[in-house]
Amino acid sequence: MQRFPEGDWKILRRLKPLALERLTRRILEGAQEIIASAEEGKSHDAYLKLFRYIDEQDKIVADCFDDWRRSTADITLLYWRRYELITDEEFQAFTPETRDSIDYWLTPRE
């Protein structure tokens, strides 16, 4: 992808708190489900499942938010779309070139 447009960078910065809230809310809901489904006498199994879940989710948080620079903004937006952290309507605010590039990379290849 070419240089990330300034206008798109401003949109991405504006959406960052929403995307982070959506992801962390989803993670917390998943953790609650694991905890709620823990069987009596199998707390350690539930703990291990929760630990693995948090570890996996932490990698997603890192993919989506740890390298916050304009030079990597296209990759950030790609992850946000992949993990459904922004709505289609929010995605439409980006330039057609940016949307086309992200859609291209998210399109499955045969």
# chains A, B, ... in the order shown; residues from 1 in each chain; ligands from 1
call {"tool": "select_by_dssp", "arguments": {"residues": "chain A", "states": "alpha helix (DSSP H)", "output": "number ranges by chain"}}
result
A: 6-36, 43-65, 73-82, 88-91, 96-106
call {"tool": "residues_around", "arguments": {"residues": "segment 30-34 of chain A", "least_positions_apart": "3", "cutoff": "8 Å", "atoms": "only C-alpha atoms", "output": "PyMOL selection string"}}
result
chain A and resi 26-27+37-38+46+49-50+53-54
call {"tool": "write_last_selection", "arguments": {"atoms": "N, CA and C atoms", "output": "CSV table (one decimal), in the first residue's frame"}}
result
chain,number,residue,atom,x,y,z
A,26,ARG,N,-15.3,-7.5,24.1
A,26,ARG,CA,-15.5,-8.8,23.5
A,26,ARG,C,-14.6,-9.8,24.3
A,27,ILE,N,-13.4,-9.4,24.6
A,27,ILE,CA,-12.5,-10.3,25.4
A,27,ILE,C,-13.1,-10.5,26.8
A,37,SER,N,-18.8,-21.1,32.8
A,37,SER,CA,-19.0,-22.5,32.5
A,37,SER,C,-18.1,-23.4,33.2
A,38,ALA,N,-17.3,-22.9,34.2
A,38,ALA,CA,-16.4,-23.8,35.0
A,38,ALA,C,-17.3,-24.8,35.8
A,46,ALA,N,-10.6,-24.8,34.2
A,46,ALA,CA,-11.2,-23.5,33.8
A,46,ALA,C,-10.1,-22.4,33.8
A,49,LYS,N,-7.9,-22.9,30.8
A,49,LYS,CA,-8.6,-22.4,29.6
A,49,LYS,C,-8.6,-20.9,29.5
A,50,LEU,N,-8.9,-20.3,30.7
A,50,LEU,CA,-8.9,-18.8,30.7
A,50,LEU,C,-7.6,-18.2,30.4
A,53,TYR,N,-6.9,-18.5,26.7
A,53,TYR,CA,-7.8,-17.5,26.0
A,53,TYR,C,-7.2,-16.1,26.1
A,54,ILE,N,-6.8,-15.7,27.3
A,54,ILE,CA,-6.3,-14.3,27.5
A,54,ILE,C,-5.0,-14.2,26.7
call {"tool": "atom_distance", "arguments": {"atom1": "atom CA of Ile86 of chain A", "atom2": "atom CA of Leu15 of chain A"}}
result
7.8 Å
call {"tool": "atom_distance", "arguments": {"atom1": "atom CA of Arg109 of chain A", "atom2": "atom CA of Arg82 of chain A"}}
result
15.2 Å
call {"tool": "closest_residue", "arguments": {"among": "A:Glu97, A:Lys16, A:Glu110, A:Arg81", "to": "Asp66 of chain A", "atoms": "only C-alpha atoms"}}
result
A:Lys16
call {"tool": "residues_around", "arguments": {"residues": "Pro5 of chain A", "least_positions_apart": "2", "cutoff": "9 Å", "atoms": "only C-alpha atoms", "output": "list in words"}}
result
Gln2, Arg3, Gly7, Asp8, Trp9, Lys10, Arg70, Thr95 and Thr98 of chain A
call {"tool": "write_last_selection", "arguments": {"atoms": "N, CA and C atoms", "output": "CSV table (one decimal), in the first residue's frame"}}
result
chain,number,residue,atom,x,y,z
A,2,GLN,N,0.4,2.3,-0.6
A,2,GLN,CA,1.1,3.5,-0.6
A,2,GLN,C,1.0,4.2,0.7
A,3,ARG,N,1.6,5.4,0.8
A,3,ARG,CA,1.6,6.2,2.0
A,3,ARG,C,0.1,6.4,2.5
A,7,GLY,N,-5.9,12.3,5.9
A,7,GLY,CA,-7.3,12.3,6.2
A,7,GLY,C,-7.7,10.9,6.8
A,8,ASP,N,-7.2,9.8,6.2
A,8,ASP,CA,-7.5,8.5,6.8
A,8,ASP,C,-6.8,8.3,8.1
A,9,TRP,N,-5.6,8.9,8.3
A,9,TRP,CA,-5.0,8.8,9.6
A,9,TRP,C,-5.8,9.4,10.7
A,10,LYS,N,-6.4,10.6,10.4
A,10,LYS,CA,-7.2,11.3,11.3
A,10,LYS,C,-8.4,10.4,11.7
A,70,ARG,N,1.7,6.1,11.9
A,70,ARG,CA,1.1,6.3,10.6
A,70,ARG,C,1.7,5.4,9.5
A,95,THR,N,-10.8,6.8,2.5
A,95,THR,CA,-10.8,7.0,1.0
A,95,THR,C,-11.0,5.7,0.3
A,98,THR,N,-7.9,3.5,0.1
A,98,THR,CA,-7.6,2.8,1.3
A,98,THR,C,-8.5,1.6,1.4
call {"tool": "atom_distance", "arguments": {"atom1": "atom CA of Asp100 of chain A", "atom2": "atom CA of Arg69 of chain A"}}
result
20.7 Å
